[in-house]
Amino acid sequence: MAELKFLVAPEIGKALKEDHPYDLVIVGAGPAGLTAAVYAARKKLDTLLISKDIGGQTLLTSDIENYMGYHYISGKELAAKFEEQVKKYPIDIAVGEEVVSLSKEGDDFLLTTAGGKRVVARSVIVATGKRSRPLNVPGERELVGRGVSYCAVCDAPLFAGKDVVVIGAGNSGATAVVDLIKIANRIYVVDIMPGWRADPVLVERIAAAGEKVETFFAHEVVRILGDERVEGIVIRPRGGGEEVELKVQGVFIEIGLIPNSDLAKGFLELNEAGEIVVDCRCRTSVPGVFAAGDVTDVPEKQVIIAAGEGAKAALSAYAYLIGQRR
């Protein structure tokens, strides 16, 4: 049976060790990755947690009212509690590092960072989550940070008393509208679908705002206007029709997320949406590589589900390592 390198010394937050054969490397530090780290540490696996940031999409969530144990908590507060718990355990933590490739090297796995660092692992958990989906319309890229935002939680306070538009009528878009109701002067909502696709509780809160929120359903964005800053947005009915110009100073794009699975392309099986395909034990198409959270094809992208999947992935990785022979 393979030997596991049990840790006993509380060496917190050490930098990653290049070419050191970790028992387990966890890529990503959102709810899935952080929970996996706690479970791996409790199994005393020699573990590295590597990520660009700590918190992932949780940092972009304002109000969380459905995570057990908390009637209400902000995304940043919950992420901070996750981080605090992880740092009580003796694992290596490398923040600010992006893993760009994952491959097999002999009996182990090789992970390469954007900075050219090499990380060796006997098992891997990919928990890289998702990122905001762009509109890909004229004016968007040029005005990012100058009125175009993908995070209402982050940027809403900058638009106090101004007119803004939210693109998207799902939960992300509705949450952005709820955040902006308390801040902005007027809010337009644009979506290509014919109505809200958000949770009823969010739609009810928006309806309570009355005429402050105006919807343009079954419309698409043509272009974003402005030179130095956003000055407006042009939309038109889906399928064609007369263009409408909305005078706004802010554009919040909330049209969904793209899985951060680029590091796994050509190595792990992905579905049509680019999500990593996993079974009920978080196993991927390559033995020894597991995946958890929003980057996978598990339905319902929720913090509590991602955390549970992270726990499962760590326990599955431990079982895999115990069963290995060299």
# chains A, B, ... in the order shown; residues from 1 in each chain; ligands from 1

$ residues_around --residues "stretch 105-109 of chain A" --least-positions-apart "3" --cutoff "10 Å" --atoms "only C-alpha atoms" --output "VMD selection string"
chain A and resid 21 to 25 102 119 to 124 288 to 289 326

$ residues_around --residues "A:Ala94" --least-positions-apart "4" --cutoff "10 Å" --atoms "only C-alpha atoms" --output "list of chain:residue names"
A:Gly13, A:Lys14, A:Ala15, A:Leu16, A:Lys17, A:Val27, A:Ala29, A:Leu48, A:Leu49, A:Ile50, A:Ser51, A:Lys52, A:Asp53, A:Ile54, A:Glu98

$ select_by_dssp --residues "stretch 182-313 of chain A" --states "strand (DSSP E)" --output "PyMOL selection string"
chain A and resi 186-191+213-217+219-225+232-237+244-246+250-253+257-259+289-291

$ write_last_selection --atoms "N, CA, C and O atoms" --output "compact mmCIF listing (two decimals), in the first residue's frame"
# COMPACT_ATOMS: atom_id res chain seq x y z
N ARG A 186 -32.27 54.91 -11.05
CA ARG A 186 -33.20 54.14 -11.88
C ARG A 186 -32.47 52.93 -12.43
O ARG A 186 -31.27 53.00 -12.74
N ILE A 187 -33.19 51.81 -12.56
CA ILE A 187 -32.58 50.56 -13.00
C ILE A 187 -33.38 49.99 -14.16
O ILE A 187 -34.60 49.79 -14.05
N TYR A 188 -32.70 49.74 -15.25
CA TYR A 188 -33.30 49.02 -16.38
C TYR A 188 -32.80 47.58 -16.35
O TYR A 188 -31.65 47.32 -16.00
N VAL A 189 -33.66 46.65 -16.74
CA VAL A 189 -33.28 45.24 -16.81
C VAL A 189 -33.51 44.77 -18.25
O VAL A 189 -34.61 44.95 -18.80
N VAL A 190 -32.48 44.20 -18.85
CA VAL A 190 -32.56 43.71 -20.23
C VAL A 190 -32.23 42.23 -20.25
O VAL A 190 -31.24 41.80 -19.64
N ASP A 191 -33.05 41.45 -20.95
CA ASP A 191 -32.77 40.01 -21.08
C ASP A 191 -33.40 39.50 -22.37
O ASP A 191 -34.46 39.98 -22.79
N VAL A 213 -37.71 50.27 -11.22
CA VAL A 213 -37.13 49.24 -12.08
C VAL A 213 -38.01 49.07 -13.31
O VAL A 213 -39.22 48.84 -13.21
N GLU A 214 -37.40 49.18 -14.48
CA GLU A 214 -38.12 48.99 -15.74
C GLU A 214 -37.48 47.85 -16.52
O GLU A 214 -36.25 47.81 -16.66
N THR A 215 -38.30 46.93 -17.02
CA THR A 215 -37.77 45.74 -17.69
C THR A 215 -37.94 45.83 -19.20
O THR A 215 -38.94 46.35 -19.70
N PHE A 216 -36.96 45.28 -19.89
CA PHE A 216 -36.99 45.12 -21.34
C PHE A 216 -36.70 43.64 -21.63
O PHE A 216 -35.57 43.28 -21.98
N PHE A 217 -37.71 42.82 -21.45
CA PHE A 217 -37.54 41.40 -21.73
C PHE A 217 -37.66 41.15 -23.23
O PHE A 217 -38.21 41.96 -23.98
N HIS A 219 -35.33 41.30 -25.30
CA HIS A 219 -34.48 42.28 -25.98
C HIS A 219 -33.02 41.83 -25.92
O HIS A 219 -32.63 41.10 -25.01
N GLU A 220 -32.23 42.28 -26.88
CA GLU A 220 -30.81 41.98 -26.90
C GLU A 220 -30.00 43.27 -26.95
O GLU A 220 -30.49 44.31 -27.43
N VAL A 221 -28.78 43.21 -26.45
CA VAL A 221 -27.90 44.37 -26.44
C VAL A 221 -27.20 44.47 -27.79
O VAL A 221 -26.62 43.49 -28.28
N VAL A 222 -27.23 45.66 -28.38
CA VAL A 222 -26.57 45.90 -29.66
C VAL A 222 -25.17 46.45 -29.44
O VAL A 222 -24.19 45.97 -30.02
N ARG A 223 -25.05 47.46 -28.58
CA ARG A 223 -23.74 48.06 -28.30
C ARG A 223 -23.83 48.90 -27.03
O ARG A 223 -24.91 49.33 -26.62
N ILE A 224 -22.67 49.16 -26.45
CA ILE A 224 -22.55 50.03 -25.28
C ILE A 224 -21.91 51.32 -25.74
O ILE A 224 -20.90 51.31 -26.46
N LEU A 225 -22.48 52.43 -25.32
CA LEU A 225 -22.05 53.74 -25.80
C LEU A 225 -21.15 54.45 -24.79
O LEU A 225 -21.31 54.29 -23.57
N GLY A 232 -24.42 55.25 -22.33
CA GLY A 232 -25.72 54.68 -22.69
C GLY A 232 -25.55 53.28 -23.25
O GLY A 232 -24.44 52.74 -23.35
N ILE A 233 -26.67 52.69 -23.63
CA ILE A 233 -26.67 51.35 -24.20
C ILE A 233 -27.78 51.27 -25.24
O ILE A 233 -28.84 51.88 -25.07
N VAL A 234 -27.52 50.57 -26.32
CA VAL A 234 -28.51 50.41 -27.38
C VAL A 234 -29.01 48.97 -27.37
O VAL A 234 -28.21 48.03 -27.39
N ILE A 235 -30.33 48.80 -27.32
CA ILE A 235 -30.94 47.48 -27.33
C ILE A 235 -31.98 47.41 -28.44
O ILE A 235 -32.38 48.44 -28.99
N ARG A 236 -32.42 46.20 -28.77
CA ARG A 236 -33.50 46.05 -29.75
C ARG A 236 -34.26 44.77 -29.44
O ARG A 236 -33.72 43.85 -28.80
N PRO A 237 -35.51 44.68 -29.89
CA PRO A 237 -36.29 43.46 -29.64
C PRO A 237 -35.60 42.24 -30.26
O PRO A 237 -35.01 42.33 -31.34
N VAL A 244 -33.55 50.80 -29.35
CA VAL A 244 -33.90 51.68 -28.25
C VAL A 244 -32.60 52.08 -27.54
O VAL A 244 -31.77 51.22 -27.24
N GLU A 245 -32.41 53.36 -27.30
CA GLU A 245 -31.22 53.82 -26.57
C GLU A 245 -31.60 54.20 -25.15
O GLU A 245 -32.53 55.00 -24.95
N LEU A 246 -30.90 53.63 -24.19
CA LEU A 246 -31.12 53.94 -22.78
C LEU A 246 -29.94 54.76 -22.29
O LEU A 246 -28.79 54.35 -22.43
N GLY A 250 -24.05 53.24 -15.95
CA GLY A 250 -23.47 51.96 -15.53
C GLY A 250 -24.14 50.79 -16.22
O GLY A 250 -25.36 50.80 -16.44
N VAL A 251 -23.34 49.78 -16.57
CA VAL A 251 -23.85 48.56 -17.19
C VAL A 251 -23.33 47.37 -16.38
O VAL A 251 -22.11 47.15 -16.29
N PHE A 252 -24.24 46.62 -15.79
CA PHE A 252 -23.87 45.44 -15.01
C PHE A 252 -24.25 44.19 -15.80
O PHE A 252 -25.44 43.95 -16.08
N ILE A 253 -23.24 43.43 -16.19
CA ILE A 253 -23.45 42.25 -17.04
C ILE A 253 -23.53 41.01 -16.16
O ILE A 253 -22.56 40.62 -15.51
N LEU A 257 -22.21 32.25 -16.18
CA LEU A 257 -20.81 31.97 -15.87
C LEU A 257 -20.23 30.94 -16.82
O LEU A 257 -20.96 30.10 -17.38
N ILE A 258 -18.92 30.98 -16.98
CA ILE A 258 -18.18 30.02 -17.82
C ILE A 258 -17.28 29.20 -16.90
O ILE A 258 -16.56 29.77 -16.07
N PRO A 259 -17.30 27.87 -17.02
CA PRO A 259 -16.44 27.05 -16.15
C PRO A 259 -14.96 27.29 -16.41
O PRO A 259 -14.53 27.41 -17.57
N VAL A 289 -7.72 11.88 -10.42
CA VAL A 289 -8.12 13.29 -10.55
C VAL A 289 -9.61 13.40 -10.24
O VAL A 289 -10.43 12.69 -10.82
N PHE A 290 -9.92 14.28 -9.32
CA PHE A 290 -11.29 14.50 -8.88
C PHE A 290 -11.66 15.96 -9.15
O PHE A 290 -10.80 16.80 -9.38
N ALA A 291 -12.95 16.25 -9.15
CA ALA A 291 -13.39 17.63 -9.38
C ALA A 291 -14.61 17.90 -8.53
O ALA A 291 -15.40 16.99 -8.23

$ residues_around --residues "stretch 307-315 of chain A" --least-positions-apart "5" --cutoff "6 Å" --atoms "only C-alpha atoms" --output "VMD selection string"
chain A and resid 31 to 33 35 to 36 39 to 40 282 292

$ select_by_dssp --residues "stretch 86-181 of chain A" --states "alpha helix (DSSP H)" --output "list in words"
Val86, Ala152, Val153, Cys154, Asp155, Asn171, Ser172, Gly173, Ala174, Thr175, Ala176, Val177, Val178, Asp179, Leu180 and Ile181 of chain A

$ write_last_selection --atoms "N, CA, C and O atoms" --output "PDB file, in the first residue's frame"
ATOM      1  N   VAL A  86      -9.647  26.844   7.371  1.00  0.00           N
ATOM      2  CA  VAL A  86      -8.609  26.137   6.623  1.00  0.00           C
ATOM      3  C   VAL A  86      -7.232  26.401   7.219  1.00  0.00           C
ATOM      4  O   VAL A  86      -6.397  25.489   7.343  1.00  0.00           O
ATOM      5  N   ALA A 152     -21.972  43.478  -9.316  1.00  0.00           N
ATOM      6  CA  ALA A 152     -22.745  44.516  -8.636  1.00  0.00           C
ATOM      7  C   ALA A 152     -22.355  44.619  -7.172  1.00  0.00           C
ATOM      8  O   ALA A 152     -22.336  45.710  -6.602  1.00  0.00           O
ATOM      9  N   VAL A 153     -22.051  43.486  -6.557  1.00  0.00           N
ATOM     10  CA  VAL A 153     -21.637  43.496  -5.154  1.00  0.00           C
ATOM     11  C   VAL A 153     -20.405  44.380  -4.973  1.00  0.00           C
ATOM     12  O   VAL A 153     -20.289  45.140  -4.006  1.00  0.00           O
ATOM     13  N   CYS A 154     -19.481  44.276  -5.938  1.00  0.00           N
ATOM     14  CA  CYS A 154     -18.234  45.038  -5.838  1.00  0.00           C
ATOM     15  C   CYS A 154     -18.429  46.512  -6.173  1.00  0.00           C
ATOM     16  O   CYS A 154     -17.887  47.383  -5.494  1.00  0.00           O
ATOM     17  N   ASP A 155     -19.197  46.788  -7.237  1.00  0.00           N
ATOM     18  CA  ASP A 155     -19.184  48.125  -7.821  1.00  0.00           C
ATOM     19  C   ASP A 155     -20.454  48.945  -7.644  1.00  0.00           C
ATOM     20  O   ASP A 155     -20.468  50.131  -7.990  1.00  0.00           O
ATOM     21  N   ASN A 171     -30.900  34.523 -11.496  1.00  0.00           N
ATOM     22  CA  ASN A 171     -30.621  34.854 -10.097  1.00  0.00           C
ATOM     23  C   ASN A 171     -29.521  35.901  -9.951  1.00  0.00           C
ATOM     24  O   ASN A 171     -29.605  36.789  -9.099  1.00  0.00           O
ATOM     25  N   SER A 172     -28.492  35.807 -10.792  1.00  0.00           N
ATOM     26  CA  SER A 172     -27.400  36.778 -10.704  1.00  0.00           C
ATOM     27  C   SER A 172     -27.890  38.179 -11.038  1.00  0.00           C
ATOM     28  O   SER A 172     -27.587  39.152 -10.336  1.00  0.00           O
ATOM     29  N   GLY A 173     -28.662  38.294 -12.115  1.00  0.00           N
ATOM     30  CA  GLY A 173     -29.181  39.588 -12.502  1.00  0.00           C
ATOM     31  C   GLY A 173     -30.151  40.152 -11.479  1.00  0.00           C
ATOM     32  O   GLY A 173     -30.097  41.337 -11.130  1.00  0.00           O
ATOM     33  N   ALA A 174     -31.041  39.303 -10.970  1.00  0.00           N
ATOM     34  CA  ALA A 174     -32.020  39.751  -9.987  1.00  0.00           C
ATOM     35  C   ALA A 174     -31.338  40.189  -8.694  1.00  0.00           C
ATOM     36  O   ALA A 174     -31.734  41.188  -8.076  1.00  0.00           O
ATOM     37  N   THR A 175     -30.310  39.460  -8.285  1.00  0.00           N
ATOM     38  CA  THR A 175     -29.566  39.846  -7.084  1.00  0.00           C
ATOM     39  C   THR A 175     -28.903  41.203  -7.278  1.00  0.00           C
ATOM     40  O   THR A 175     -28.883  42.039  -6.363  1.00  0.00           O
ATOM     41  N   ALA A 176     -28.360  41.429  -8.470  1.00  0.00           N
ATOM     42  CA  ALA A 176     -27.749  42.723  -8.770  1.00  0.00           C
ATOM     43  C   ALA A 176     -28.777  43.844  -8.675  1.00  0.00           C
ATOM     44  O   ALA A 176     -28.501  44.924  -8.138  1.00  0.00           O
ATOM     45  N   VAL A 177     -29.971  43.592  -9.200  1.00  0.00           N
ATOM     46  CA  VAL A 177     -31.019  44.602  -9.140  1.00  0.00           C
ATOM     47  C   VAL A 177     -31.379  44.914  -7.688  1.00  0.00           C
ATOM     48  O   VAL A 177     -31.513  46.086  -7.300  1.00  0.00           O
ATOM     49  N   VAL A 178     -31.528  43.872  -6.883  1.00  0.00           N
ATOM     50  CA  VAL A 178     -31.864  44.070  -5.466  1.00  0.00           C
ATOM     51  C   VAL A 178     -30.800  44.921  -4.780  1.00  0.00           C
ATOM     52  O   VAL A 178     -31.110  45.827  -3.999  1.00  0.00           O
ATOM     53  N   ASP A 179     -29.532  44.638  -5.074  1.00  0.00           N
ATOM     54  CA  ASP A 179     -28.446  45.432  -4.490  1.00  0.00           C
ATOM     55  C   ASP A 179     -28.526  46.890  -4.932  1.00  0.00           C
ATOM     56  O   ASP A 179     -28.280  47.815  -4.150  1.00  0.00           O
ATOM     57  N   LEU A 180     -28.868  47.099  -6.207  1.00  0.00           N
ATOM     58  CA  LEU A 180     -28.850  48.449  -6.776  1.00  0.00           C
ATOM     59  C   LEU A 180     -30.075  49.283  -6.391  1.00  0.00           C
ATOM     60  O   LEU A 180     -30.028  50.514  -6.448  1.00  0.00           O
ATOM     61  N   ILE A 181     -31.156  48.631  -6.018  1.00  0.00           N
ATOM     62  CA  ILE A 181     -32.372  49.369  -5.651  1.00  0.00           C
ATOM     63  C   ILE A 181     -32.090  50.384  -4.554  1.00  0.00           C
ATOM     64  O   ILE A 181     -32.618  51.499  -4.562  1.00  0.00           O
TER      65      ILE A 181
END

$ closest_residue --among "A:Val95, A:Ile73, A:Ile183, A:Val126" --to "A:Val277" --atoms "only C-alpha atoms"
A:Val126

$ closest_residue --among "A:Leu59, A:Leu45, A:Ala184, A:Val164" --to "A:Tyr89" --atoms "only C-alpha atoms"
A:Leu45

$ closest_residue --among "A:Ala209, A:Arg238, A:Lys43, A:Val295" --to "A:Val278" --atoms "only C-alpha atoms"
A:Val295

$ closest_residue --among "A:Pro90, A:Gly256, A:Gly30, A:Gly69" --to "A:Thr47" --atoms "only C-alpha atoms"
A:Pro90

$ residues_around --residues "A:Gly145" --least-positions-apart "2" --cutoff "12 Å" --atoms "only C-alpha atoms" --output "JSON, numbers by chain"
{"A": [139, 140, 141, 142, 143, 147, 148, 149, 150, 151, 154, 155, 158, 228, 229, 230, 249, 250, 251, 252]}

$ decode --residues "stretch 280-305 of chain A" --atoms "N, CA and C atoms" --output "mmCIF file, in the first residue's frame"
data_model
loop_
_atom_site.group_PDB
_atom_site.id
_atom_site.type_symbol
_atom_site.label_atom_id
_atom_site.label_comp_id
_atom_site.auth_asym_id
_atom_site.auth_seq_id
_atom_site.Cartn_x
_atom_site.Cartn_y
_atom_site.Cartn_z
ATOM 1 N N CYS A 280 -20.791 10.252 -8.990
ATOM 2 C CA CYS A 280 -21.319 10.619 -7.673
ATOM 3 C C CYS A 280 -20.232 10.683 -6.607
ATOM 4 N N ARG A 281 -19.033 10.199 -6.907
ATOM 5 C CA ARG A 281 -17.919 10.275 -5.973
ATOM 6 C C ARG A 281 -16.896 11.333 -6.389
ATOM 7 N N CYS A 282 -17.308 12.211 -7.288
ATOM 8 C CA CYS A 282 -16.460 13.310 -7.771
ATOM 9 C C CYS A 282 -15.260 12.822 -8.579
ATOM 10 N N ARG A 283 -15.322 11.594 -9.080
ATOM 11 C CA ARG A 283 -14.243 11.062 -9.910
ATOM 12 C C ARG A 283 -14.403 11.560 -11.344
ATOM 13 N N THR A 284 -13.301 11.948 -11.951
ATOM 14 C CA THR A 284 -13.309 12.381 -13.341
ATOM 15 C C THR A 284 -12.984 11.187 -14.239
ATOM 16 N N SER A 285 -12.735 11.464 -15.512
ATOM 17 C CA SER A 285 -12.415 10.398 -16.466
ATOM 18 C C SER A 285 -11.006 9.857 -16.283
ATOM 19 N N VAL A 286 -10.179 10.529 -15.464
ATOM 20 C CA VAL A 286 -8.808 10.084 -15.211
ATOM 21 C C VAL A 286 -8.684 9.659 -13.753
ATOM 22 N N PRO A 287 -8.385 8.388 -13.481
ATOM 23 C CA PRO A 287 -8.233 7.944 -12.099
ATOM 24 C C PRO A 287 -7.188 8.778 -11.355
ATOM 25 N N GLY A 288 -7.542 9.176 -10.151
ATOM 26 C CA GLY A 288 -6.635 9.988 -9.356
ATOM 27 C C GLY A 288 -6.905 11.478 -9.453
ATOM 28 N N VAL A 289 -7.725 11.881 -10.425
ATOM 29 C CA VAL A 289 -8.119 13.287 -10.554
ATOM 30 C C VAL A 289 -9.608 13.397 -10.236
ATOM 31 N N PHE A 290 -9.925 14.283 -9.324
ATOM 32 C CA PHE A 290 -11.291 14.498 -8.881
ATOM 33 C C PHE A 290 -11.663 15.956 -9.154
ATOM 34 N N ALA A 291 -12.950 16.249 -9.151
ATOM 35 C CA ALA A 291 -13.388 17.628 -9.379
ATOM 36 C C ALA A 291 -14.614 17.904 -8.529
ATOM 37 N N ALA A 292 -14.769 19.165 -8.129
ATOM 38 C CA ALA A 292 -15.883 19.526 -7.253
ATOM 39 C C ALA A 292 -16.298 20.966 -7.477
ATOM 40 N N GLY A 293 -17.562 21.244 -7.205
ATOM 41 C CA GLY A 293 -18.066 22.614 -7.268
ATOM 42 C C GLY A 293 -18.569 23.012 -8.635
ATOM 43 N N ASP A 294 -18.604 24.312 -8.878
ATOM 44 C CA ASP A 294 -19.238 24.858 -10.077
ATOM 45 C C ASP A 294 -18.543 24.493 -11.378
ATOM 46 N N VAL A 295 -17.291 24.059 -11.322
ATOM 47 C CA VAL A 295 -16.581 23.684 -12.543
ATOM 48 C C VAL A 295 -17.056 22.347 -13.087
ATOM 49 N N THR A 296 -17.838 21.601 -12.304
ATOM 50 C CA THR A 296 -18.294 20.277 -12.713
ATOM 51 C C THR A 296 -19.705 20.335 -13.303
ATOM 52 N N ASP A 297 -20.166 19.179 -13.783
ATOM 53 C CA ASP A 297 -21.506 19.087 -14.362
ATOM 54 C C ASP A 297 -22.577 18.791 -13.327
ATOM 55 N N VAL A 298 -22.237 18.863 -12.050
ATOM 56 C CA VAL A 298 -23.236 18.669 -10.993
ATOM 57 C C VAL A 298 -24.260 19.802 -11.081
ATOM 58 N N PRO A 299 -25.553 19.485 -11.104
ATOM 59 C CA PRO A 299 -26.566 20.543 -11.233
ATOM 60 C C PRO A 299 -26.691 21.397 -9.981
ATOM 61 N N GLU A 300 -27.271 22.562 -10.160
ATOM 62 C CA GLU A 300 -27.541 23.525 -9.084
ATOM 63 C C GLU A 300 -26.241 24.073 -8.495
ATOM 64 N N LYS A 301 -25.857 25.228 -8.948
ATOM 65 C CA LYS A 301 -24.614 25.867 -8.492
ATOM 66 C C LYS A 301 -24.907 26.699 -7.243
ATOM 67 N N GLN A 302 -24.709 26.101 -6.098
ATOM 68 C CA GLN A 302 -24.993 26.718 -4.814
ATOM 69 C C GLN A 302 -23.790 26.545 -3.900
ATOM 70 N N VAL A 303 -23.597 27.494 -2.972
ATOM 71 C CA VAL A 303 -22.467 27.411 -2.052
ATOM 72 C C VAL A 303 -22.505 26.118 -1.250
ATOM 73 N N ILE A 304 -23.673 25.770 -0.728
ATOM 74 C CA ILE A 304 -23.765 24.598 0.133
ATOM 75 C C ILE A 304 -23.520 23.314 -0.651
ATOM 76 N N ILE A 305 -23.918 23.293 -1.911
ATOM 77 C CA ILE A 305 -23.682 22.116 -2.747
ATOM 78 C C ILE A 305 -22.198 22.011 -3.080
#
